[in-house]
Structures are given as C-alpha cells and as structure tokens.
file run-v8.cif (mmCIF, C-alpha atoms)
data_start
loop_
_atom_site.label_atom_id
_atom_site.label_comp_id
_atom_site.auth_asym_id
_atom_site.auth_seq_id
_atom_site.Cartn_x
_atom_site.Cartn_y
_atom_site.Cartn_z
CA MET A 294 6.93 10.86 9.88
CA VAL A 295 9.65 8.78 11.54
CA ALA A 296 8.79 7.65 15.06
CA GLU A 297 11.17 8.92 17.73
CA THR A 298 10.17 6.45 20.43
CA ARG A 299 12.05 3.16 20.68
CA TRP A 300 9.69 0.19 20.43
CA ARG A 301 10.08 -3.23 21.98
CA LEU A 302 9.78 -6.24 19.67
CA LEU A 303 8.55 -9.26 21.62
CA VAL A 304 8.22 -12.73 20.07
CA THR A 305 6.95 -15.19 22.67
CA GLU A 306 6.71 -18.95 22.86
CA PRO A 307 3.27 -20.58 22.41
CA LEU A 308 1.11 -19.92 25.48
CA ASP A 309 -2.38 -20.89 26.63
CA GLY A 310 -5.22 -18.43 26.11
CA ALA A 311 -5.37 -17.04 29.65
CA THR A 312 -1.64 -16.35 29.75
CA ASN A 313 -1.61 -14.78 26.29
CA MET A 314 -4.40 -12.35 27.18
CA ALA A 315 -2.98 -11.62 30.62
CA LEU A 316 0.41 -10.86 29.08
CA ASP A 317 -1.04 -8.30 26.68
CA GLU A 318 -3.08 -6.60 29.39
CA ALA A 319 0.03 -6.46 31.60
CA ILE A 320 1.91 -4.69 28.81
CA LEU A 321 -0.99 -2.25 28.39
CA GLN A 322 -1.07 -1.41 32.10
CA ALA A 323 2.71 -1.00 32.18
CA ARG A 324 2.62 1.31 29.16
CA LEU A 325 -0.12 3.39 30.80
CA GLN A 326 2.23 4.02 33.71
CA GLU A 327 5.18 4.54 31.35
CA ILE A 328 7.23 1.77 32.92
CA ALA A 329 7.40 -0.17 29.65
CA PRO A 330 7.91 0.96 26.04
CA PRO A 331 5.38 0.72 23.22
CA THR A 332 5.41 -2.90 22.16
CA LEU A 333 4.89 -5.02 19.06
CA ARG A 334 4.35 -8.66 20.01
CA PHE A 335 3.98 -11.79 17.87
CA PHE A 336 2.71 -15.00 19.43
CA SER A 337 0.86 -18.27 19.04
CA TRP A 338 -1.38 -20.56 21.08
CA ASP A 339 -1.01 -23.87 22.89
CA PRO A 340 -3.57 -25.37 22.98
CA PRO A 341 -5.52 -23.92 20.04
CA THR A 342 -8.10 -21.53 21.47
CA VAL A 343 -11.32 -19.71 20.66
CA SER A 344 -11.11 -16.13 21.91
CA LEU A 345 -14.33 -14.22 22.51
CA GLY A 346 -14.58 -10.48 22.05
CA TYR A 347 -14.79 -8.43 25.25
CA GLY A 348 -18.53 -7.79 25.01
CA GLN A 349 -19.53 -10.87 23.01
CA ARG A 350 -22.25 -13.11 24.40
CA LEU A 351 -21.34 -16.78 24.64
CA ASP A 352 -24.25 -18.58 23.00
CA ALA A 353 -25.01 -21.34 20.51
CA ALA A 354 -23.06 -19.52 17.79
CA ILE A 355 -19.94 -21.05 19.37
CA ASN A 356 -19.97 -24.81 19.96
CA VAL A 357 -18.51 -25.03 23.48
CA GLU A 358 -18.96 -28.81 23.61
CA ALA A 359 -16.90 -29.17 20.42
CA CYS A 360 -14.20 -27.06 22.07
CA ARG A 361 -14.09 -29.52 24.98
CA GLN A 362 -14.05 -32.60 22.76
CA LEU A 363 -11.31 -31.22 20.51
CA GLY A 364 -9.14 -29.88 23.33
CA VAL A 365 -9.66 -26.29 22.17
CA GLY A 366 -9.33 -23.63 24.85
CA LEU A 367 -11.81 -20.82 25.45
CA VAL A 368 -10.84 -17.35 26.63
CA ARG A 369 -12.32 -13.85 26.59
CA ARG A 370 -10.12 -11.10 25.16
CA PRO A 371 -9.77 -7.63 26.68
CA THR A 372 -10.31 -6.32 23.13
CA GLY A 373 -13.64 -6.14 21.30
CA GLY A 374 -14.98 -7.73 18.15
CA SER A 375 -16.17 -11.25 17.45
CA ALA A 376 -14.82 -14.71 18.19
CA ILE A 377 -11.68 -16.04 16.50
CA TYR A 378 -10.37 -19.58 16.37
CA HIS A 379 -6.62 -19.37 17.03
CA ASP A 380 -4.82 -22.37 15.61
CA THR A 381 -1.21 -23.37 16.36
CA PHE A 382 1.84 -21.50 15.00
CA GLU A 383 1.63 -23.68 11.87
CA ARG A 384 -1.61 -21.97 10.81
CA GLU A 385 -1.63 -18.54 12.43
CA VAL A 386 0.49 -15.58 13.48
CA THR A 387 -1.18 -13.46 16.15
CA TYR A 388 0.05 -9.94 16.83
CA SER A 389 -0.56 -7.31 19.46
CA VAL A 390 0.36 -3.64 19.48
CA VAL A 391 0.43 -1.57 22.68
CA ALA A 392 1.07 2.17 22.62
CA ARG A 393 -0.15 5.40 24.17
CA SER A 394 -0.91 8.90 22.91
CA GLY A 395 2.26 10.50 21.64
CA ASP A 396 4.00 7.27 20.66
CA PHE A 397 3.26 8.06 17.00
CA ASP A 398 1.24 10.59 15.02
CA GLY A 399 -2.46 9.79 15.44
CA SER A 400 -2.01 7.28 18.27
CA GLY A 401 -4.76 9.01 20.25
CA ASP A 402 -7.41 8.31 17.58
CA LEU A 403 -9.19 4.96 17.17
CA LEU A 404 -9.48 4.88 13.38
CA GLU A 405 -6.02 6.34 12.84
CA THR A 406 -4.44 3.58 14.92
CA TYR A 407 -6.26 0.95 12.86
CA ARG A 408 -5.01 2.68 9.69
CA TRP A 409 -1.44 3.00 11.03
CA ILE A 410 -1.21 -0.68 11.96
CA GLY A 411 -3.03 -1.84 8.82
CA ALA A 412 -0.64 0.08 6.58
CA GLY A 413 2.38 -1.58 8.19
CA LEU A 414 0.82 -5.04 7.97
CA THR A 415 -0.07 -4.51 4.32
CA THR A 416 3.50 -3.53 3.48
CA GLY A 417 4.79 -6.59 5.30
CA LEU A 418 2.42 -8.95 3.54
CA ARG A 419 3.41 -7.52 0.17
CA ARG A 420 7.04 -8.32 1.03
CA LEU A 421 5.90 -11.96 1.04
CA GLY A 422 4.33 -11.53 -2.39
CA VAL A 423 0.75 -11.29 -1.14
CA PRO A 424 -1.46 -8.86 -3.14
CA ALA A 425 -2.84 -7.44 0.11
CA GLU A 426 -5.07 -4.36 0.23
CA MET A 427 -6.19 -2.33 3.23
CA VAL A 428 -9.93 -1.64 3.06
CA PRO A 429 -11.28 1.91 3.51
CA VAL A 430 -13.42 3.14 6.38
CA ARG A 431 -16.62 1.13 6.67
CA PRO A 432 -19.68 1.90 8.80
CA SER A 433 -19.98 -0.22 11.93
CA ASP A 434 -23.27 -1.69 13.11
CA PRO A 435 -22.85 -3.61 16.40
CA SER A 436 -26.25 -5.26 15.95
CA ALA A 437 -25.05 -6.83 12.71
CA MET A 438 -21.76 -8.13 14.14
CA PRO A 439 -21.30 -11.81 13.21
CA ALA A 440 -20.22 -14.35 15.83
CA PHE A 441 -17.16 -15.27 13.75
CA CYS A 442 -14.63 -12.48 13.23
CA PHE A 443 -13.62 -13.45 9.70
CA ALA A 444 -17.22 -13.26 8.44
CA ARG A 445 -16.91 -9.46 8.15
CA THR A 446 -14.16 -7.00 7.25
CA GLY A 447 -13.94 -3.76 9.26
CA SER A 448 -12.28 -0.41 8.60
CA TYR A 449 -8.58 -0.61 7.68
CA GLU A 450 -8.44 -4.39 7.93
CA VAL A 451 -6.56 -6.34 5.27
CA GLU A 452 -8.05 -8.29 2.37
CA VAL A 453 -6.89 -10.21 -0.67
CA ALA A 454 -9.24 -10.06 -3.67
CA GLY A 455 -12.10 -8.91 -1.44
CA ARG A 456 -11.63 -11.69 1.15
CA LYS A 457 -10.46 -11.04 4.69
CA LEU A 458 -6.93 -12.12 5.59
CA VAL A 459 -6.27 -10.26 8.85
CA GLY A 460 -8.82 -9.78 11.65
CA SER A 461 -8.22 -7.09 14.30
CA ALA A 462 -9.81 -5.72 17.47
CA GLN A 463 -8.87 -2.98 19.89
CA ARG A 464 -9.27 -1.69 23.45
CA ARG A 465 -8.54 1.87 24.50
CA GLN A 466 -7.90 2.92 28.09
CA SER A 467 -6.88 6.33 29.47
CA GLY A 468 -4.97 7.45 26.40
CA ALA A 469 -3.40 4.06 25.59
CA PHE A 470 -4.54 1.17 23.43
CA LEU A 471 -4.09 -2.54 22.86
CA GLN A 472 -4.82 -3.99 19.43
CA HIS A 473 -4.97 -7.70 18.65
CA GLY A 474 -4.93 -9.25 15.22
CA SER A 475 -4.74 -12.65 13.53
CA VAL A 476 -2.97 -13.40 10.27
CA LEU A 477 -4.11 -16.72 8.84
CA LEU A 478 -1.38 -18.93 7.40
CA GLY A 479 -3.82 -21.77 6.73
CA ALA A 480 -7.21 -23.00 7.92
CA ASP A 481 -8.66 -26.20 9.35
CA VAL A 482 -11.95 -26.09 7.47
CA ALA A 483 -13.65 -29.00 9.24
CA ARG A 484 -12.77 -27.65 12.68
CA LEU A 485 -14.03 -24.13 11.87
CA ARG A 486 -17.37 -25.55 10.78
CA LEU A 487 -17.66 -27.53 14.00
CA LEU A 488 -16.75 -24.60 16.23
CA PHE A 489 -19.00 -22.06 14.48
CA PRO A 490 -22.08 -24.14 13.54
CA GLN A 491 -24.35 -21.20 12.73
CA GLU A 492 -22.09 -19.88 9.99
CA ALA A 493 -23.39 -21.20 6.68
CA ASP A 494 -19.84 -21.21 5.38
CA PRO A 495 -17.23 -19.69 7.71
CA LEU A 496 -14.71 -19.62 4.86
CA ALA A 497 -16.88 -17.72 2.39
CA GLY A 498 -15.49 -14.28 3.23
CA MET A 499 -11.98 -15.18 4.36
CA THR A 500 -8.71 -16.30 2.84
CA THR A 501 -5.30 -17.49 4.03
CA LEU A 502 -1.68 -16.92 3.09
CA GLU A 503 -1.55 -20.50 1.84
CA GLU A 504 -4.37 -19.78 -0.58
CA ALA A 505 -2.96 -16.42 -1.64
CA LEU A 506 0.60 -17.66 -2.21
CA GLY A 507 0.07 -21.27 -3.24
CA ARG A 508 2.23 -22.33 -0.29
CA ARG A 509 2.07 -21.95 3.46
CA PRO A 510 4.81 -19.66 4.85
CA THR A 511 6.28 -20.38 8.25
CA PHE A 512 5.51 -18.49 11.44
CA SER A 513 9.05 -17.05 11.51
CA GLU A 514 8.90 -15.97 7.86
CA VAL A 515 5.66 -14.06 8.42
CA VAL A 516 6.86 -12.46 11.66
CA GLU A 517 9.99 -11.21 9.91
CA ALA A 518 8.00 -9.79 6.99
CA LEU A 519 5.44 -8.05 9.21
CA THR A 520 8.17 -6.62 11.45
CA GLU A 521 9.98 -5.19 8.44
CA GLY A 522 6.71 -3.88 7.02
CA LEU A 523 5.94 -1.88 10.15
CA ARG A 524 9.57 -0.72 10.42
CA GLU A 525 9.66 0.37 6.78
CA THR A 526 6.25 2.05 6.72
CA HIS A 527 6.64 4.03 9.92
CA GLY A 528 10.38 4.25 10.51
CA LEU A 529 10.04 2.38 13.78
CA ASP A 530 13.05 1.97 16.02
CA LEU A 531 12.31 -1.66 16.95
CA ALA A 532 14.56 -3.50 19.39
CA PRO A 533 14.07 -7.09 20.64
CA GLY A 534 13.30 -7.19 24.34
CA GLY A 535 11.65 -9.12 27.16
CA LEU A 536 9.12 -8.46 29.90
CA THR A 537 9.97 -6.50 33.01
CA ARG A 538 9.55 -8.12 36.43
CA ASP A 539 6.48 -5.95 37.04
CA GLU A 540 4.90 -7.13 33.79
CA GLU A 541 5.63 -10.77 34.58
CA ALA A 542 4.10 -10.46 38.05
CA LEU A 543 1.03 -8.72 36.70
CA MET A 544 0.66 -11.28 33.90
CA GLU A 545 0.63 -14.11 36.42
CA ARG A 546 -1.96 -12.40 38.60
CA LEU A 547 -4.22 -11.45 35.70
CA ALA A 548 -4.08 -14.99 34.32
CA ARG A 549 -4.95 -16.49 37.69
CA GLU A 550 -7.57 -14.02 38.92
CA LYS A 551 -9.17 -12.88 35.66
CA TYR A 552 -8.55 -14.69 32.39
CA ASP A 553 -8.58 -18.22 33.81
CA THR A 554 -11.91 -17.75 35.65
CA ASP A 555 -15.39 -18.71 34.48
CA ALA A 556 -16.71 -15.39 35.79
CA TRP A 557 -14.63 -13.54 33.19
CA THR A 558 -14.72 -16.06 30.35
CA LEU A 559 -18.45 -16.73 30.48
CA ASN A 560 -19.80 -13.40 31.69
CA ALA A 561 -17.04 -10.75 31.42
CA GLN A 562 -17.09 -10.25 35.19
CA ILE A 563 -13.98 -9.65 37.31
CA VAL A 564 -14.31 -11.12 40.80
CA THR A 565 -11.12 -9.53 42.20
CA ASP A 566 -10.14 -5.87 42.49
CA LEU A 567 -7.35 -5.54 39.94
CA SER A 568 -7.27 -1.74 39.89
CA SER A 569 -3.81 -1.47 41.47
CA VAL A 570 -1.99 -4.36 39.89
CA VAL A 571 0.95 -2.32 38.59
CA PRO A 572 2.89 -0.42 41.25
CA ALA A 573 3.03 3.33 40.70
CA ARG A 574 6.49 4.74 40.04
#

call {"tool": "encode", "arguments": {"input": "run-v8.cif", "output": "structure tokens"}}
result
Amino acid sequence: MVAETRWRLLVTEPLDGATNMALDEAILQARLQEIAPPTLRFFSWDPPTVSLGYGQRLDAAINVEACRQLGVGLVRRPTGGSAIYHDTFEREVTYSVVARSGDFDGSGDLLETYRWIGAGLTTGLRRLGVPAEMVPVRPSDPSAMPAFCFARTGSYEVEVAGRKLVGSAQRRQSGAFLQHGSVLLGADVARLRLLFPQEADPLAGMTTLEEALGRRPTFSEVVEALTEGLRETHGLDLAPGGLTRDEEALMERLAREKYDTDAWTLNAQIVTDLSSVVPAR
C-alpha cells in the first residue's frame, strides 16, 4: 500500500555520539506531538563511537580504556540491543527511522515495523548489487544477548550468505517508535578486537559491503540506494528537509543534560526532569 504521509529525508553532517542520539530522541518527541513529520535520517559519527544499548550493562565485554586510548567516544542509545562500534562515514552508514501509529500500515506493531524497514533496506542494498536477504522471525532470548550487536542476527535484520550486514534496534513510546541501524561499508578488524575483547572473533558472524561487493561503496552511494529502496518498496513520499527550531532546542538540551552525562552513559540514569522538553501545541 502506498503511504499517504509525506516523510522528511534528513542527511546530517558527522556528529559526536551525544548529539547524534539527542537529535534522534528530539525527532521522536516532536513526532509524538505531531509537530514534525515521520523521518528517515542518515548520519555518521565524529569521533568514531561505541554506542551501548539502552539496557546494556557496561562491563568488561567493552574495553573502555581502549576507547580512551584510541579516541573512540562512548554513548548510550535510547534504543535497545547490544553495543555497536560506529566508525566514520568511510566505513559505516547509520540510519534512523521515526514514525508513529498510522504513518504506514503496521506502524503500531514492533515486528511489523522491523519487517517494513528491513524490506526497504533489502531492496536498496540489492540496487547496489548486494545479494541481501531479510531473515525471518527468530526467537529472542535477552539472557543470551551478546555484548557485540553483530554477533547475532535478529528478526527481519539483513544478512548476506548467512552473515549479518545490518544491525538494528528500536524504542517504542506512546504509539511512536525510533529505530536505529548500522550498515557496514567496511570494518577495522584490529580495532573491533580491541574494543570487544571477550568476542572470540567479532567478525565471525558479520560481513560488510566491501566484502560482499569486492569494493567499498561511498557513504553517498549507499544513502542514495537505501533511500530509493525504501521509496520503491513502500511508495514513500520522501522530501529533503531540516530540523525545526523546537527540535534543535530539544536536541541541544538532551545532549547537554542526558546523553553527555556519566549518569546516563554509565548507568542509564537521567538526572534532570526532561518530561516537558517539547512545548505542547
């Protein structure tokens, strides 16, 4: 079914971890209050950053000292799942999707939103020549969740020849959702092994576009293909746009008072009341 809602396409400059996560939460809060449209965003990271899942414990599975020595940032996502190492735009395209119930068929259902996004990503990757496949529903066992996101493939994520190419995680709030995902263009093998020392081989279950294609596509090339894949699969009315003033103000406050604090990053605790950060309209 063709979507009737106009979507915003947002491609942002490389940002630090706190600002990236604050920006996506600001879009989510704005969409909840219907003062911003559903949004597809593509972005990258500066500096490279390890993002922890919302409920993930920070322990020896992630080498925090190696992060410091290598100049790698550390941030906690508002979305769930396991840790991901986000490299620069030369090795990764990160996406986020924000929508609410009614923005497309099935948008109120967790698994259906994973399937909807995964189908669009798969179409886009195939436009690049990647033999991508979306995996079926798989049972989830939180107790067996690995520390490194790409060590396990979840329902409706994307693989090539049985190896994970795209990792995704989601947060749902009051009828709306935010989904994050990482598409690997390439991988810094030595750095991954340093950052995730308890993984016997962090690359065993994952692959990259460089490996799948025999060349490394550019950030812009992948963004264009994924955009067209989602547009083609779902008939999206996608229009380039920017942030509203409310979203920018909220992003700055969330970065300062939440995502850039040790209370949140280390322990998932918010020390400031952020319940009324978007003005009601």

call {"tool": "resolve_selection", "arguments": {"input": "run-v8.cif", "expression": "the PyMOL selection byres ((chain A and resi 382) around 12)", "output": "MDAnalysis selection string"}}
result
chainID A and resid 304:308 335:342 379:381 383:388 475:480 509:516

call {"tool": "resolve_selection", "arguments": {"input": "run-v8.cif", "expression": "the PyMOL selection byres ((chain A and resi 491) around 10)", "output": "list of chain:residue names"}}
result
A:Ala353, A:Ala354, A:Ile355, A:Asn356, A:Pro439, A:Ala440, A:Phe441, A:Arg486, A:Leu487, A:Leu488, A:Phe489, A:Pro490, A:Glu492, A:Ala493, A:Asp494, A:Pro495

call {"tool": "closest_residue", "arguments": {"input": "run-v8.cif", "among": "A:Gln326, A:Thr416, A:Thr554, A:Ser389", "to": "Leu471 in chain A", "atoms": "all atoms listed in the file"}}
result
A:Ser389

call {"tool": "resolve_selection", "arguments": {"input": "run-v8.cif", "expression": "the PyMOL selection byres ((chain A and resi 522-525) around 9)", "output": "VMD selection string"}}
result
chain A and resid 409 to 410 412 to 420 517 to 521 526 to 531

call {"tool": "atom_distance", "arguments": {"input": "run-v8.cif", "atom1": "CA of Thr298 in chain A", "atom2": "CA of Glu541 in chain A"}}
result
22.7 Å

call {"tool": "atom_distance", "arguments": {"input": "run-v8.cif", "atom1": "CA of Asn560 in chain A", "atom2": "CA of Leu543 in chain A"}}
result
21.9 Å

call {"tool": "residues_around", "arguments": {"input": "run-v8.cif", "residues": "range 309-315 of chain A", "least_positions_apart": "2", "cutoff": "6 Å", "atoms": "all atoms listed in the file", "output": "tab-separated table (two decimals) with C-alpha atoms, in the frame of the given file"}}
result
chain	number	residue	atom	x	y	z
A	317	ASP	CA	-1.04	-8.30	26.68
A	318	GLU	CA	-3.08	-6.60	29.39
A	338	TRP	CA	-1.38	-20.56	21.08
A	339	ASP	CA	-1.01	-23.87	22.89
A	340	PRO	CA	-3.57	-25.37	22.98
A	368	VAL	CA	-10.84	-17.35	26.63
A	544	MET	CA	0.66	-11.28	33.90
A	547	LEU	CA	-4.22	-11.45	35.70
A	548	ALA	CA	-4.08	-14.99	34.32
A	552	TYR	CA	-8.55	-14.69	32.39
A	553	ASP	CA	-8.58	-18.22	33.81

call {"tool": "build_atoms", "arguments": {"input": "run-v8.cif", "residues": "range 340-359 of chain A", "atoms": "N, CA, C and O atoms", "output": "PDB file, keeping the file's coordinate frame"}}
result
ATOM      1  N   PRO A 340      -2.958 -24.733  24.150  1.00  0.00           N
ATOM      2  CA  PRO A 340      -3.570 -25.370  22.980  1.00  0.00           C
ATOM      3  C   PRO A 340      -4.248 -24.349  22.064  1.00  0.00           C
ATOM      4  O   PRO A 340      -4.375 -23.178  22.436  1.00  0.00           O
ATOM      5  N   PRO A 341      -4.699 -24.797  20.860  1.00  0.00           N
ATOM      6  CA  PRO A 341      -5.520 -23.920  20.040  1.00  0.00           C
ATOM      7  C   PRO A 341      -6.698 -23.406  20.869  1.00  0.00           C
ATOM      8  O   PRO A 341      -7.198 -24.116  21.760  1.00  0.00           O
ATOM      9  N   THR A 342      -7.148 -22.197  20.581  1.00  0.00           N
ATOM     10  CA  THR A 342      -8.100 -21.530  21.470  1.00  0.00           C
ATOM     11  C   THR A 342      -9.097 -20.690  20.683  1.00  0.00           C
ATOM     12  O   THR A 342      -8.723 -20.049  19.696  1.00  0.00           O
ATOM     13  N   VAL A 343     -10.334 -20.680  21.134  1.00  0.00           N
ATOM     14  CA  VAL A 343     -11.320 -19.710  20.660  1.00  0.00           C
ATOM     15  C   VAL A 343     -11.285 -18.518  21.614  1.00  0.00           C
ATOM     16  O   VAL A 343     -11.429 -18.691  22.831  1.00  0.00           O
ATOM     17  N   SER A 344     -11.050 -17.330  21.070  1.00  0.00           N
ATOM     18  CA  SER A 344     -11.110 -16.130  21.910  1.00  0.00           C
ATOM     19  C   SER A 344     -12.376 -15.354  21.583  1.00  0.00           C
ATOM     20  O   SER A 344     -12.683 -15.087  20.421  1.00  0.00           O
ATOM     21  N   LEU A 345     -13.123 -15.020  22.639  1.00  0.00           N
ATOM     22  CA  LEU A 345     -14.330 -14.220  22.510  1.00  0.00           C
ATOM     23  C   LEU A 345     -13.985 -12.747  22.607  1.00  0.00           C
ATOM     24  O   LEU A 345     -13.071 -12.360  23.341  1.00  0.00           O
ATOM     25  N   GLY A 346     -14.731 -11.914  21.894  1.00  0.00           N
ATOM     26  CA  GLY A 346     -14.580 -10.480  22.050  1.00  0.00           C
ATOM     27  C   GLY A 346     -15.039 -10.036  23.428  1.00  0.00           C
ATOM     28  O   GLY A 346     -15.865 -10.697  24.067  1.00  0.00           O
ATOM     29  N   TYR A 347     -14.517  -8.915  23.900  1.00  0.00           N
ATOM     30  CA  TYR A 347     -14.790  -8.430  25.250  1.00  0.00           C
ATOM     31  C   TYR A 347     -16.278  -8.423  25.591  1.00  0.00           C
ATOM     32  O   TYR A 347     -16.683  -8.920  26.642  1.00  0.00           O
ATOM     33  N   GLY A 348     -17.108  -7.897  24.702  1.00  0.00           N
ATOM     34  CA  GLY A 348     -18.530  -7.790  25.010  1.00  0.00           C
ATOM     35  C   GLY A 348     -19.393  -8.836  24.330  1.00  0.00           C
ATOM     36  O   GLY A 348     -20.623  -8.724  24.332  1.00  0.00           O
ATOM     37  N   GLN A 349     -18.785  -9.863  23.768  1.00  0.00           N
ATOM     38  CA  GLN A 349     -19.530 -10.870  23.010  1.00  0.00           C
ATOM     39  C   GLN A 349     -20.240 -11.850  23.932  1.00  0.00           C
ATOM     40  O   GLN A 349     -19.653 -12.359  24.888  1.00  0.00           O
ATOM     41  N   ARG A 350     -21.487 -12.119  23.627  1.00  0.00           N
ATOM     42  CA  ARG A 350     -22.250 -13.110  24.400  1.00  0.00           C
ATOM     43  C   ARG A 350     -21.847 -14.519  23.964  1.00  0.00           C
ATOM     44  O   ARG A 350     -21.705 -14.799  22.775  1.00  0.00           O
ATOM     45  N   LEU A 351     -21.650 -15.380  24.937  1.00  0.00           N
ATOM     46  CA  LEU A 351     -21.340 -16.780  24.640  1.00  0.00           C
ATOM     47  C   LEU A 351     -22.654 -17.529  24.499  1.00  0.00           C
ATOM     48  O   LEU A 351     -23.366 -17.760  25.481  1.00  0.00           O
ATOM     49  N   ASP A 352     -22.984 -17.893  23.261  1.00  0.00           N
ATOM     50  CA  ASP A 352     -24.250 -18.580  23.000  1.00  0.00           C
ATOM     51  C   ASP A 352     -24.010 -19.700  22.003  1.00  0.00           C
ATOM     52  O   ASP A 352     -22.867 -20.124  21.780  1.00  0.00           O
ATOM     53  N   ALA A 353     -25.094 -20.168  21.387  1.00  0.00           N
ATOM     54  CA  ALA A 353     -25.010 -21.340  20.510  1.00  0.00           C
ATOM     55  C   ALA A 353     -24.218 -21.076  19.231  1.00  0.00           C
ATOM     56  O   ALA A 353     -23.929 -22.014  18.487  1.00  0.00           O
ATOM     57  N   ALA A 354     -23.867 -19.815  18.975  1.00  0.00           N
ATOM     58  CA  ALA A 354     -23.060 -19.520  17.790  1.00  0.00           C
ATOM     59  C   ALA A 354     -21.667 -20.115  17.892  1.00  0.00           C
ATOM     60  O   ALA A 354     -20.982 -20.303  16.886  1.00  0.00           O
ATOM     61  N   ILE A 355     -21.228 -20.385  19.136  1.00  0.00           N
ATOM     62  CA  ILE A 355     -19.940 -21.050  19.370  1.00  0.00           C
ATOM     63  C   ILE A 355     -20.213 -22.394  20.032  1.00  0.00           C
ATOM     64  O   ILE A 355     -20.910 -22.468  21.043  1.00  0.00           O
ATOM     65  N   ASN A 356     -19.704 -23.465  19.467  1.00  0.00           N
ATOM     66  CA  ASN A 356     -19.970 -24.810  19.960  1.00  0.00           C
ATOM     67  C   ASN A 356     -18.987 -25.135  21.093  1.00  0.00           C
ATOM     68  O   ASN A 356     -17.883 -25.628  20.852  1.00  0.00           O
ATOM     69  N   VAL A 357     -19.390 -24.837  22.326  1.00  0.00           N
ATOM     70  CA  VAL A 357     -18.510 -25.030  23.480  1.00  0.00           C
ATOM     71  C   VAL A 357     -18.217 -26.514  23.694  1.00  0.00           C
ATOM     72  O   VAL A 357     -17.100 -26.890  24.078  1.00  0.00           O
ATOM     73  N   GLU A 358     -19.180 -27.375  23.442  1.00  0.00           N
ATOM     74  CA  GLU A 358     -18.960 -28.810  23.610  1.00  0.00           C
ATOM     75  C   GLU A 358     -17.906 -29.312  22.624  1.00  0.00           C
ATOM     76  O   GLU A 358     -17.060 -30.143  22.969  1.00  0.00           O
ATOM     77  N   ALA A 359     -17.926 -28.794  21.392  1.00  0.00           N
ATOM     78  CA  ALA A 359     -16.900 -29.170  20.420  1.00  0.00           C
ATOM     79  C   ALA A 359     -15.526 -28.699  20.883  1.00  0.00           C
ATOM     80  O   ALA A 359     -14.527 -29.403  20.697  1.00  0.00           O
TER      81      ALA A 359
END
